[in-house]
>>> print(open('input-v7.csv').read())   # CSV, C-alpha atoms and all ligand atoms
chain,number,residue,atom,x,y,z
I,1,MET,CA,0.0,0.0,0.0
I,2,THR,CA,3.0,2.3,0.1
I,3,ASP,CA,3.9,2.6,-3.6
I,4,GLN,CA,0.8,4.6,-4.5
I,5,PRO,CA,1.1,7.8,-6.5
I,6,THR,CA,0.8,10.5,-3.9
I,7,TYR,CA,-2.2,12.8,-3.6
I,8,THR,CA,-1.6,16.1,-5.3
I,9,GLY,CA,-4.6,18.2,-4.2
I,10,PRO,CA,-4.3,21.3,-1.9
I,11,ASP,CA,-3.3,21.1,1.7
I,12,ARG,CA,-6.3,21.3,4.0
I,13,VAL,CA,-6.6,20.9,7.8
I,14,PHE,CA,-9.5,19.0,9.5
I,15,SER,CA,-10.0,18.3,13.2
I,16,GLY,CA,-12.9,17.5,15.5
I,17,ILE,CA,-13.9,17.8,19.2
I,18,GLN,CA,-16.7,15.9,20.9
I,19,PRO,CA,-19.5,17.9,22.6
I,20,THR,CA,-19.1,16.0,25.8
I,21,GLY,CA,-18.2,17.5,29.1
I,22,ASN,CA,-16.0,20.5,29.9
I,23,LEU,CA,-13.0,21.3,27.8
I,24,HIS,CA,-9.7,21.2,29.7
I,25,LEU,CA,-6.1,22.4,29.3
I,26,GLY,CA,-5.3,19.1,27.5
I,27,ASN,CA,-7.9,19.8,24.8
I,28,TYR,CA,-6.6,23.4,24.6
I,29,LEU,CA,-2.9,22.6,24.2
I,30,GLY,CA,-3.3,19.3,22.3
I,31,ALA,CA,-5.9,20.6,19.9
I,32,LEU,CA,-7.5,24.1,20.1
I,33,LYS,CA,-4.3,26.1,20.4
I,34,LYS,CA,-2.9,24.2,17.4
I,35,PHE,CA,-6.0,25.0,15.4
I,36,THR,CA,-5.5,28.8,15.9
I,37,ASP,CA,-1.8,28.6,15.2
I,38,LEU,CA,-2.5,26.8,11.9
I,39,GLN,CA,-5.2,29.4,11.1
I,40,GLU,CA,-2.7,32.2,11.8
I,41,ALA,CA,-0.1,30.5,9.6
I,42,GLY,CA,-2.6,30.7,6.7
I,43,TRP,CA,-3.8,27.1,6.5
I,44,ASP,CA,-7.3,26.4,5.2
I,45,GLY,CA,-9.1,24.5,8.0
I,46,LEU,CA,-12.4,22.8,9.0
I,47,TYR,CA,-13.1,22.5,12.7
I,48,CYS,CA,-16.0,20.2,13.5
I,49,VAL,CA,-18.0,19.6,16.6
I,50,VAL,CA,-18.5,15.9,16.3
I,51,ASP,CA,-21.9,15.2,17.7
I,52,LEU,CA,-22.3,12.0,15.8
I,53,HIS,CA,-19.3,10.7,17.6
I,54,ALA,CA,-20.7,11.9,20.9
I,55,ILE,CA,-23.8,9.6,20.6
I,56,THR,CA,-21.6,6.5,20.5
I,57,MET,CA,-22.0,6.8,24.3
I,58,PRO,CA,-25.4,7.8,25.8
I,59,GLN,CA,-26.1,11.6,25.7
I,60,ASP,CA,-29.1,13.6,27.0
I,61,PRO,CA,-31.0,14.8,23.9
I,62,ALA,CA,-32.1,17.9,25.9
I,63,LEU,CA,-28.5,19.0,26.4
I,64,LEU,CA,-26.7,17.9,23.2
I,65,ALA,CA,-27.4,21.0,21.1
I,66,ASP,CA,-26.2,23.3,23.9
I,67,GLN,CA,-23.0,21.2,24.4
I,68,THR,CA,-22.4,21.7,20.7
I,69,ARG,CA,-22.8,25.4,21.0
I,70,GLN,CA,-20.3,25.4,23.9
I,71,ILE,CA,-17.6,23.7,21.9
I,72,ALA,CA,-18.2,26.1,19.0
I,73,ALA,CA,-17.9,29.0,21.4
I,74,ALA,CA,-14.7,27.6,22.8
I,75,MET,CA,-13.2,27.3,19.3
I,76,MET,CA,-14.1,30.9,18.6
I,77,ALA,CA,-13.0,32.1,22.0
I,78,CYS,CA,-9.6,30.5,21.3
I,79,GLY,CA,-9.2,32.5,18.2
I,80,LEU,CA,-10.8,30.5,15.3
I,81,ASP,CA,-12.5,33.0,13.1
I,82,PRO,CA,-15.7,31.6,11.5
I,83,ASP,CA,-15.1,33.8,8.4
I,84,THR,CA,-11.6,32.4,7.9
I,85,SER,CA,-12.0,28.8,9.1
I,86,VAL,CA,-15.0,26.6,8.8
I,87,ILE,CA,-16.7,25.9,12.1
I,88,PHE,CA,-19.6,23.5,12.0
I,89,ALA,CA,-21.5,20.6,13.6
I,90,GLN,CA,-20.9,17.2,12.1
I,91,SER,CA,-24.5,16.1,12.0
I,92,SER,CA,-25.5,19.0,9.8
I,93,VAL,CA,-23.4,17.8,6.8
I,94,GLN,CA,-24.6,14.5,5.3
I,95,ALA,CA,-21.3,13.5,3.7
I,96,HIS,CA,-19.9,12.2,7.0
I,97,THR,CA,-22.5,9.5,7.5
I,98,GLU,CA,-22.6,8.5,3.8
I,99,LEU,CA,-18.8,8.2,3.5
I,100,ALA,CA,-18.7,6.4,6.8
I,101,TRP,CA,-20.9,3.7,5.4
I,102,ILE,CA,-18.8,3.3,2.3
I,103,PHE,CA,-15.7,3.1,4.5
I,104,ASN,CA,-17.4,0.4,6.6
I,105,CYS,CA,-17.2,-1.7,3.5
I,106,VAL,CA,-13.5,-0.8,3.0
I,107,ALA,CA,-12.1,-1.1,6.6
I,108,ARG,CA,-11.5,-4.6,8.0
I,109,MET,CA,-12.9,-6.0,11.3
I,110,GLY,CA,-9.3,-6.9,12.3
I,111,TRP,CA,-8.2,-3.3,12.0
I,112,LEU,CA,-10.9,-2.0,14.3
I,113,GLU,CA,-10.4,-4.8,16.8
I,114,LYS,CA,-6.9,-3.4,17.4
I,115,MET,CA,-8.1,0.0,18.5
I,116,THR,CA,-7.1,0.7,22.1
I,117,GLN,CA,-9.7,3.4,22.6
I,118,PHE,CA,-12.5,0.9,22.0
I,119,LYS,CA,-10.9,-1.6,24.3
I,120,ASP,CA,-10.6,1.2,27.0
I,121,LYS,CA,-14.1,2.5,26.6
I,122,GLY,CA,-15.8,-0.8,25.9
I,123,GLY,CA,-13.9,-2.5,28.7
I,124,ASP,CA,-15.1,-6.0,29.5
I,125,ASN,CA,-18.5,-4.9,28.4
I,126,SER,CA,-18.1,-5.1,24.7
I,127,GLU,CA,-21.3,-7.1,24.3
I,128,ARG,CA,-23.3,-4.2,25.6
I,129,VAL,CA,-21.7,-1.1,24.1
I,130,SER,CA,-23.1,0.4,20.9
I,131,VAL,CA,-22.0,-0.8,17.5
I,132,GLY,CA,-21.3,2.9,16.9
I,133,LEU,CA,-18.5,2.9,19.5
I,134,PHE,CA,-16.8,0.1,17.6
I,135,ASP,CA,-17.2,1.9,14.4
I,136,TYR,CA,-16.1,5.3,15.8
I,137,PRO,CA,-12.7,5.4,14.0
I,138,VAL,CA,-14.4,4.7,10.6
I,139,LEU,CA,-16.6,7.7,11.1
I,140,GLN,CA,-13.5,9.7,12.0
I,141,ALA,CA,-11.8,8.7,8.8
I,142,ALA,CA,-14.9,9.8,6.9
I,143,ASP,CA,-14.8,13.2,8.7
I,144,ILE,CA,-11.3,13.8,7.4
I,145,LEU,CA,-11.6,12.4,3.9
I,146,ALA,CA,-15.0,13.8,3.0
I,147,TYR,CA,-12.9,17.0,2.6
I,148,LYS,CA,-9.8,15.3,1.3
I,149,ALA,CA,-8.0,16.9,4.3
I,150,THR,CA,-4.3,16.3,4.4
I,151,HIS,CA,-3.3,17.4,7.9
I,152,VAL,CA,-5.0,16.6,11.2
I,153,PRO,CA,-4.0,18.5,14.4
I,154,VAL,CA,-4.8,16.2,17.4
I,155,GLY,CA,-3.4,15.1,20.8
I,156,GLU,CA,-1.2,12.0,21.1
I,157,ASP,CA,-4.2,9.8,22.0
I,158,GLN,CA,-5.5,10.0,18.5
I,159,LYS,CA,-2.4,8.6,16.8
I,160,GLN,CA,-3.9,5.2,16.3
I,161,HIS,CA,-7.1,6.5,14.9
I,162,LEU,CA,-5.2,8.6,12.4
I,163,GLU,CA,-3.2,5.5,11.3
I,164,LEU,CA,-6.5,3.8,10.6
I,165,SER,CA,-7.6,6.8,8.5
I,166,ARG,CA,-4.5,6.5,6.5
I,167,ASN,CA,-5.0,2.7,6.0
I,168,ILE,CA,-8.6,3.3,4.9
I,169,ALA,CA,-7.6,6.0,2.4
I,170,ALA,CA,-4.9,3.7,0.9
I,171,ARG,CA,-7.2,0.7,0.8
I,172,PHE,CA,-10.0,2.7,-0.9
I,173,ASN,CA,-7.6,4.0,-3.5
I,174,GLN,CA,-6.3,0.5,-4.2
I,175,GLN,CA,-9.6,-1.3,-4.1
I,176,PHE,CA,-11.3,1.1,-6.5
I,177,ASP,CA,-8.3,1.5,-8.7
I,178,ALA,CA,-8.2,5.2,-8.0
I,179,PRO,CA,-4.5,6.0,-7.3
I,180,GLY,CA,-4.0,9.2,-5.3
I,181,PHE,CA,-7.8,9.8,-5.0
I,182,PHE,CA,-7.8,10.2,-1.2
I,183,PRO,CA,-4.7,11.7,0.6
I,184,GLU,CA,-3.3,9.7,3.5
I,185,PRO,CA,-3.9,12.3,6.1
I,186,GLU,CA,-1.0,13.3,8.3
I,187,PRO,CA,-1.4,13.7,12.1
I,188,LEU,CA,0.0,17.0,13.5
I,189,ILE,CA,0.8,15.8,17.0
I,190,LYS,CA,4.3,17.0,18.0
I,191,GLY,CA,5.0,19.6,20.6
I,192,PRO,CA,4.9,19.9,24.3
I,193,GLY,CA,1.1,20.0,24.4
I,194,ALA,CA,0.6,16.6,22.7
I,195,ARG,CA,-0.1,14.7,25.9
I,196,ILE,CA,-1.0,16.7,29.0
I,197,MET,CA,-1.2,14.6,32.1
I,198,SER,CA,-3.4,14.7,35.2
I,199,LEU,CA,-2.3,17.2,37.8
I,200,LYS,CA,-2.7,14.4,40.4
I,201,ASP,CA,-1.0,11.5,38.6
I,202,GLY,CA,1.7,12.1,36.0
I,203,THR,CA,1.1,8.7,34.4
I,204,LYS,CA,-2.6,9.3,33.5
I,205,LYS,CA,-3.7,11.7,30.8
I,206,MET,CA,-5.7,14.8,31.8
I,207,SER,CA,-9.3,13.7,30.9
I,208,LYS,CA,-12.9,15.0,30.9
I,209,SER,CA,-14.0,11.8,32.6
I,210,ASP,CA,-11.6,11.8,35.6
I,211,PRO,CA,-13.8,12.0,38.7
I,212,ALA,CA,-11.1,14.1,40.5
I,213,GLU,CA,-11.9,17.8,39.7
I,214,ASN,CA,-8.4,18.8,40.8
I,215,SER,CA,-6.8,16.6,38.2
I,216,ARG,CA,-7.6,19.0,35.4
I,217,ILE,CA,-7.8,22.7,34.6
I,218,ASN,CA,-11.1,23.5,32.8
I,219,LEU,CA,-11.3,26.2,30.2
I,220,ILE,CA,-14.2,27.7,32.2
I,221,ASP,CA,-12.3,27.8,35.6
I,222,ASP,CA,-11.8,31.2,37.0
I,223,ALA,CA,-8.4,32.6,37.8
I,224,ASP,CA,-8.5,31.6,41.5
I,225,THR,CA,-9.5,28.1,40.7
I,226,ILE,CA,-6.7,27.8,38.1
I,227,ALA,CA,-4.1,29.1,40.6
I,228,ARG,CA,-5.3,26.8,43.4
I,229,LYS,CA,-5.2,23.7,41.2
I,230,ILE,CA,-1.7,24.4,40.0
I,231,LYS,CA,-0.5,25.1,43.6
I,232,LYS,CA,-2.0,21.8,44.7
I,233,ALA,CA,-0.7,19.9,41.7
I,234,LYS,CA,1.3,16.8,42.7
I,235,THR,CA,5.1,17.0,42.4
I,236,ASP,CA,7.5,14.7,44.2
I,237,THR,CA,9.9,14.5,47.1
I,238,LEU,CA,13.1,14.7,45.1
I,239,GLY,CA,13.6,18.4,46.0
I,240,ASP,CA,13.9,21.3,43.6
I,241,MET,CA,13.3,21.6,39.9
I,242,PRO,CA,15.5,19.4,37.8
I,243,VAL,CA,18.4,21.1,36.0
I,244,THR,CA,18.7,18.8,32.9
I,245,MET,CA,16.2,17.0,30.7
I,246,GLU,CA,17.8,13.7,31.8
I,247,ASP,CA,17.2,14.6,35.5
I,248,MET,CA,13.5,15.3,34.6
I,249,ALA,CA,12.9,12.0,32.7
I,250,ALA,CA,12.1,10.0,35.8
I,251,ARG,CA,9.8,12.7,37.3
I,252,PRO,CA,6.5,12.5,35.4
I,253,GLU,CA,4.6,15.0,37.4
I,254,VAL,CA,7.3,17.6,37.1
I,255,GLU,CA,7.8,16.9,33.4
I,256,ASN,CA,4.1,17.5,32.9
I,257,LEU,CA,4.2,20.9,34.7
I,258,VAL,CA,7.2,21.9,32.7
I,259,GLY,CA,5.6,20.7,29.5
I,260,ILE,CA,2.5,22.8,30.3
I,261,TYR,CA,4.7,25.9,30.9
I,262,ALA,CA,6.6,25.2,27.6
I,263,ALA,CA,3.4,24.8,25.6
I,264,LEU,CA,1.8,27.9,27.0
I,265,SER,CA,4.8,30.0,26.4
I,266,SER,CA,5.7,28.5,23.0
I,267,GLN,CA,9.1,27.3,24.2
I,268,THR,CA,10.7,23.9,24.5
I,269,SER,CA,10.8,22.1,27.9
I,270,ALA,CA,14.7,22.5,27.8
I,271,GLN,CA,14.3,26.3,27.5
I,272,VAL,CA,12.0,26.3,30.6
I,273,LEU,CA,14.6,24.3,32.5
I,274,ASN,CA,17.2,26.9,31.5
I,275,GLN,CA,15.1,29.4,33.3
I,276,TYR,CA,13.8,27.4,36.3
I,277,GLY,CA,16.2,24.5,36.7
I,278,GLY,CA,17.4,24.2,40.3
I,279,LYS,CA,14.8,26.6,41.7
I,280,GLY,CA,12.1,25.6,44.2
I,281,PHE,CA,8.5,24.7,43.3
I,282,GLY,CA,7.6,27.7,45.4
I,283,THR,CA,9.0,29.8,42.6
I,284,PHE,CA,8.0,27.7,39.6
I,285,LYS,CA,4.4,27.0,40.5
I,286,PRO,CA,3.2,30.6,41.0
I,287,ALA,CA,5.0,31.5,37.8
I,288,LEU,CA,3.1,28.7,36.0
I,289,ALA,CA,-0.2,29.7,37.6
I,290,ASP,CA,0.3,33.3,36.5
I,291,LEU,CA,1.1,32.2,33.0
I,292,ALA,CA,-1.9,29.9,32.8
I,293,VAL,CA,-4.2,32.6,34.1
I,294,ALA,CA,-2.9,35.2,31.7
I,295,HIS,CA,-3.3,32.8,28.9
I,296,LEU,CA,-6.7,31.3,29.7
I,297,SER,CA,-8.6,34.2,31.3
I,298,PRO,CA,-9.3,36.1,28.1
I,299,ILE,CA,-10.5,32.8,26.5
I,300,THR,CA,-12.8,32.1,29.4
I,301,GLU,CA,-14.2,35.6,29.3
I,302,GLN,CA,-14.8,35.5,25.6
I,303,MET,CA,-16.4,32.1,25.9
I,304,ARG,CA,-18.9,33.4,28.5
I,305,HIS,CA,-19.5,36.5,26.3
I,306,LEU,CA,-20.3,34.3,23.2
I,307,LEU,CA,-22.5,32.0,25.2
I,308,ASP,CA,-24.6,35.0,26.2
I,309,ASP,CA,-25.7,35.3,22.6
I,310,PRO,CA,-26.4,31.8,21.3
I,311,ALA,CA,-28.0,33.2,18.1
I,312,GLU,CA,-24.5,34.4,17.0
I,313,ILE,CA,-23.0,30.9,17.6
I,314,ASP,CA,-26.0,29.4,15.7
I,315,LEU,CA,-25.4,31.7,12.8
I,316,ALA,CA,-21.7,30.8,12.6
I,317,LEU,CA,-22.5,27.1,12.7
I,318,ARG,CA,-25.1,27.5,10.0
I,319,LYS,CA,-22.7,29.3,7.7
I,320,GLY,CA,-20.0,26.8,8.6
I,321,ALA,CA,-22.2,23.9,7.6
I,322,GLU,CA,-23.0,25.5,4.2
I,323,LYS,CA,-19.3,26.0,3.5
I,324,ALA,CA,-18.4,22.5,4.6
I,325,ASP,CA,-21.2,21.0,2.5
I,326,ALA,CA,-19.9,23.0,-0.5
I,327,ILE,CA,-16.5,21.4,-0.2
I,328,ALA,CA,-17.8,17.9,0.5
I,329,SER,CA,-20.5,17.6,-2.1
I,330,PRO,CA,-18.3,17.5,-5.2
I,331,ILE,CA,-16.0,15.1,-3.4
I,332,MET,CA,-18.9,12.8,-2.6
I,333,ALA,CA,-20.1,13.0,-6.2
I,334,GLU,CA,-16.6,11.7,-7.2
I,335,VAL,CA,-16.8,9.0,-4.5
I,336,ARG,CA,-20.1,7.8,-5.8
I,337,ARG,CA,-18.8,7.6,-9.3
I,338,THR,CA,-15.7,5.8,-8.2
I,339,VAL,CA,-17.6,3.2,-6.2
I,340,GLY,CA,-19.9,2.8,-9.2
I,341,PHE,CA,-23.3,3.8,-7.8
I,342,TRP,CA,-26.0,4.7,-10.2
I,343,GLN,CA,-26.4,8.4,-10.6
I,344,VAL,CA,-27.9,10.8,-13.2
W,1,LIG,P1,-12.0,14.9,22.9
W,1,LIG,O1,-12.3,15.8,24.0
W,1,LIG,O2,-11.7,13.5,23.3
W,1,LIG,O3,-12.9,15.0,21.7
W,1,LIG,O4,-10.6,15.4,22.4
W,1,LIG,C1,-10.4,16.6,21.6
W,1,LIG,C2,-9.0,16.8,21.3
W,1,LIG,O5,-8.2,17.1,22.5
W,1,LIG,C3,-8.3,15.6,20.6
W,1,LIG,O6,-7.4,16.2,19.6
W,1,LIG,C4,-7.5,15.0,21.7
W,1,LIG,O7,-6.4,14.3,21.2
W,1,LIG,C5,-7.1,16.2,22.5
W,1,LIG,N1,-6.8,15.8,23.9
W,1,LIG,C6,-7.6,15.3,24.8
W,1,LIG,N2,-7.1,15.1,26.0
W,1,LIG,C7,-5.8,15.5,25.9
W,1,LIG,C8,-4.6,15.6,26.7
W,1,LIG,N3,-4.7,15.2,28.0
W,1,LIG,N4,-3.5,16.1,26.2
W,1,LIG,C9,-3.4,16.5,25.0
W,1,LIG,N5,-4.4,16.5,24.1
W,1,LIG,C10,-5.6,16.0,24.5
W,2,LIG,N1,-11.8,11.1,18.0
W,2,LIG,C1,-11.5,12.5,18.3
W,2,LIG,C2,-11.3,12.7,19.8
W,2,LIG,O1,-11.9,12.0,20.6
W,2,LIG,C3,-12.5,13.5,17.8
W,2,LIG,C4,-12.6,13.4,16.3
W,2,LIG,C5,-13.6,13.0,15.6
W,2,LIG,C6,-11.6,13.9,15.3
W,2,LIG,N2,-13.4,13.1,14.2
W,2,LIG,C7,-12.2,13.6,14.1
W,2,LIG,C8,-10.4,14.4,15.5
W,2,LIG,C9,-11.5,13.9,12.9
W,2,LIG,C10,-9.6,14.7,14.3
W,2,LIG,C11,-10.2,14.4,13.0
W,2,LIG,O2,-10.5,13.5,20.2
>>> encode(input="input-v7.csv", output="structure tokens")
Amino acid sequence: MTDQPTYTGPDRVFSGIQPTGNLHLGNYLGALKKFTDLQEAGWDGLYCVVDLHAITMPQDPALLADQTRQIAAAMMACGLDPDTSVIFAQSSVQAHTELAWIFNCVARMGWLEKMTQFKDKGGDNSERVSVGLFDYPVLQAADILAYKATHVPVGEDQKQHLELSRNIAARFNQQFDAPGFFPEPEPLIKGPGARIMSLKDGTKKMSKSDPAENSRINLIDDADTIARKIKKAKTDTLGDMPVTMEDMAARPEVENLVGIYAALSSQTSAQVLNQYGGKGFGTFKPALADLAVAHLSPITEQMRHLLDDPAEIDLALRKGAEKADAIASPIMAEVRRTVGFWQV
């Protein structure tokens, strides 16, 4: 599958965030901040609130639309401009579900059985979870490829799903004798924000579903809460801040805090150690808290402001859906022709 002629279409970015629970610092540094950096660098991008993915687990129908607005508001508050980038809800563009079906007939059961996220979420209960949860990564491939997107900014936890998307693209091109039809989308993961860990356990990722509220910084936390959570963040008993990267390697909690500082200040962790190596946590933690507050407060404020006027968010989502549909429709017409469906 590797000797295919390469895709020659334009570069395009696609990413998605589920409308489930509160967004946290991991979502911000692993995803949202990258979206705005890419927009600023001039990349064409589509940013999707993936409500079809959300319903692979039970959701309250009375809350789902509002949760979708909240994620859209967060995207805009972080700096995505709905006139420059395409911000929309997944369920309002038909191409996602149609292409997911076609990809269901391209992807192999064995590929999906290897997905660790399904094993984690399905647990020992795989008899009872929805078929949709198993099929989740196929829909994700359809999200990306319905726009022939070439680059996908995500956190480290999505690496395996992106690999599956690449396999589905390659297999489709081969099976339908359509070399280079779909690009094999590249994940954009690198950087200190790729995997933000829990503030309470440096070996677990920061997650919406962790019952410990102090384990994460939410985008809607106020300044005092952010400062308190950082001051209470777990460190270790090895003394001051490490001086070299090697010293830090065996100290996951410290490594995480330094990574957060680095990601927020657009530096490398080594640069942060140049500044803080050997100093006490009594110096580093307040500096990190100040940095986090300075960075996140304007976002929180803007999010609250946007949520006061849901009509404006709805308008942005409606326009976004039209723009997304206009890109996907001709691609889907080509897909139908390639698969051999009857059409006039
Ligand atoms: P989700 O909330 O699962 O829809 O994730 C939205 C985006 O945030 C995805 O790109 C994830 O990879 C990213 N993400 C989630 N948790 C973290 C984390 N702890 N560190 C870095 N990125 C994350
Ligand atoms: N699975 C991603 C997550 O949980 C969300 C997602 C759905 C996504 N479709 C996508 C991310 C397409 C990137 C591209 O984080």
>>> residues_around(input="input-v7.csv", residues="I:Glu255", least_positions_apart="4", cutoff="9 Å", atoms="only C-alpha atoms", output="list in words")
Gly202, Met245, Met248, Ala249, Ala250, Arg251, Gly259, Ile260 and Ser269 of chain I
>>> residues_near_ligand(input="input-v7.csv", ligand="ligand LIG 2 (chain W)", cutoff="9 Å", atoms="all atoms listed in the file", output="NGL selection string")
:I and (14-18 or 27 or 31 or 47-54 or 90 or 136-137 or 139-144 or 152-155 or 157-158 or 161-162 or 187)
>>> closest_residue(input="input-v7.csv", among="I:Met75, I:Ala292, I:Ala107, I:Ala321", to="ligand LIG 1 (chain W)", atoms="only C-alpha atoms and all ligand atoms")
I:Met75
>>> residues_around(input="input-v7.csv", residues="I:Trp111", least_positions_apart="5", cutoff="12 Å", atoms="all atoms listed in the file", output="list of chain:residue names")
I:Asn104, I:Val106, I:Thr116, I:Phe118, I:Phe134, I:Asp135, I:Pro137, I:Val138, I:Gln160, I:His161, I:Glu163, I:Leu164, I:Ser165, I:Arg166, I:Asn167, I:Ile168, I:Arg171
>>> closest_residue(input="input-v7.csv", among="I:Asp177, I:Asp201, I:Glu98, I:Glu40", to="ligand LIG 1 (chain W)", atoms="all atoms listed in the file")
I:Asp201
>>> atom_distance(input="input-v7.csv", atom1="atom CA of I:Gln67", atom2="atom CA of I:Ser207")
16.9 Å
>>> residues_around(input="input-v7.csv", residues="I:Thr8", least_positions_apart="3", cutoff="9 Å", atoms="only C-alpha atoms", output="list in words")
Pro5, Asp11, Gly180, Phe181 and Pro183 of chain I
>>> closest_residue(input="input-v7.csv", among="I:Gln70, I:Ser130, I:Asn22, I:Thr6", to="I:Leu307", atoms="all atoms listed in the file")
I:Gln70
>>> residues_around(input="input-v7.csv", residues="I:Ser85", least_positions_apart="4", cutoff="7 Å", atoms="all atoms listed in the file", output="ChimeraX atom specification")
/I:44-46,80-81
>>> closest_residue(input="input-v7.csv", among="I:Gln59, I:Thr203, I:Thr84, I:Asn173", to="I:Val339", atoms="all atoms listed in the file")
I:Asn173
>>> atom_distance(input="input-v7.csv", atom1="atom CA of I:Pro310", atom2="atom CA of I:Asp66")
8.9 Å
>>> residues_around(input="input-v7.csv", residues="I:Gly26", least_positions_apart="3", cutoff="10 Å", atoms="all atoms listed in the file", output="number ranges by chain")
I: 23, 29-32, 155, 193-198, 205-208, 216-219, 260
>>> atom_distance(input="input-v7.csv", atom1="atom C2 of ligand LIG 1 (chain W)", atom2="atom CA of I:Tyr28")
7.8 Å
>>> closest_residue(input="input-v7.csv", among="I:Leu199, I:Met76, I:Leu315, I:Ile299", to="I:Arg228", atoms="only C-alpha atoms")
I:Leu199
>>> closest_residue(input="input-v7.csv", among="I:Met109, I:Ala65, I:Val93, I:Ala74", to="ligand LIG 1 (chain W)", atoms="all atoms listed in the file")
I:Ala74
>>> build_atoms(input="input-v7.csv", residues="stretch 87-104 of chain I", atoms="N, CA and C atoms", output="compact mmCIF listing (two decimals), keeping the file's coordinate frame")
# COMPACT_ATOMS: atom_id res chain seq x y z
N ILE I 87 -16.28 26.42 10.82
CA ILE I 87 -16.70 25.90 12.10
C ILE I 87 -18.08 25.33 12.00
N PHE I 88 -18.30 24.05 12.28
CA PHE I 88 -19.60 23.50 12.00
C PHE I 88 -19.88 22.24 12.84
N ALA I 89 -21.16 21.84 12.87
CA ALA I 89 -21.50 20.60 13.60
C ALA I 89 -21.58 19.45 12.56
N GLN I 90 -21.01 18.35 12.96
CA GLN I 90 -20.90 17.20 12.10
C GLN I 90 -22.23 16.70 11.55
N SER I 91 -23.25 16.66 12.41
CA SER I 91 -24.50 16.10 12.00
C SER I 91 -25.24 16.96 10.96
N SER I 92 -24.77 18.20 10.74
CA SER I 92 -25.50 19.00 9.80
C SER I 92 -24.90 18.87 8.35
N VAL I 93 -23.90 18.03 8.18
CA VAL I 93 -23.40 17.80 6.80
C VAL I 93 -23.49 16.26 6.55
N GLN I 94 -24.29 15.92 5.54
CA GLN I 94 -24.60 14.50 5.30
C GLN I 94 -23.44 13.64 4.87
N ALA I 95 -22.42 14.29 4.28
CA ALA I 95 -21.30 13.50 3.70
C ALA I 95 -20.66 12.59 4.76
N HIS I 96 -20.64 13.02 6.02
CA HIS I 96 -19.90 12.20 7.00
C HIS I 96 -20.53 10.83 7.18
N THR I 97 -21.87 10.78 7.28
CA THR I 97 -22.50 9.50 7.50
C THR I 97 -22.44 8.62 6.22
N GLU I 98 -22.61 9.26 5.08
CA GLU I 98 -22.60 8.50 3.80
C GLU I 98 -21.21 7.89 3.58
N LEU I 99 -20.18 8.72 3.76
CA LEU I 99 -18.80 8.20 3.50
C LEU I 99 -18.45 7.17 4.58
N ALA I 100 -18.96 7.36 5.80
CA ALA I 100 -18.70 6.40 6.80
C ALA I 100 -19.21 5.00 6.42
N TRP I 101 -20.40 4.98 5.81
CA TRP I 101 -20.90 3.70 5.40
C TRP I 101 -20.05 3.04 4.32
N ILE I 102 -19.64 3.86 3.35
CA ILE I 102 -18.80 3.30 2.30
C ILE I 102 -17.47 2.79 2.91
N PHE I 103 -16.93 3.55 3.86
CA PHE I 103 -15.70 3.10 4.50
C PHE I 103 -15.90 1.87 5.38
N ASN I 104 -17.13 1.68 5.87
CA ASN I 104 -17.40 0.40 6.60
C ASN I 104 -17.17 -0.77 5.72
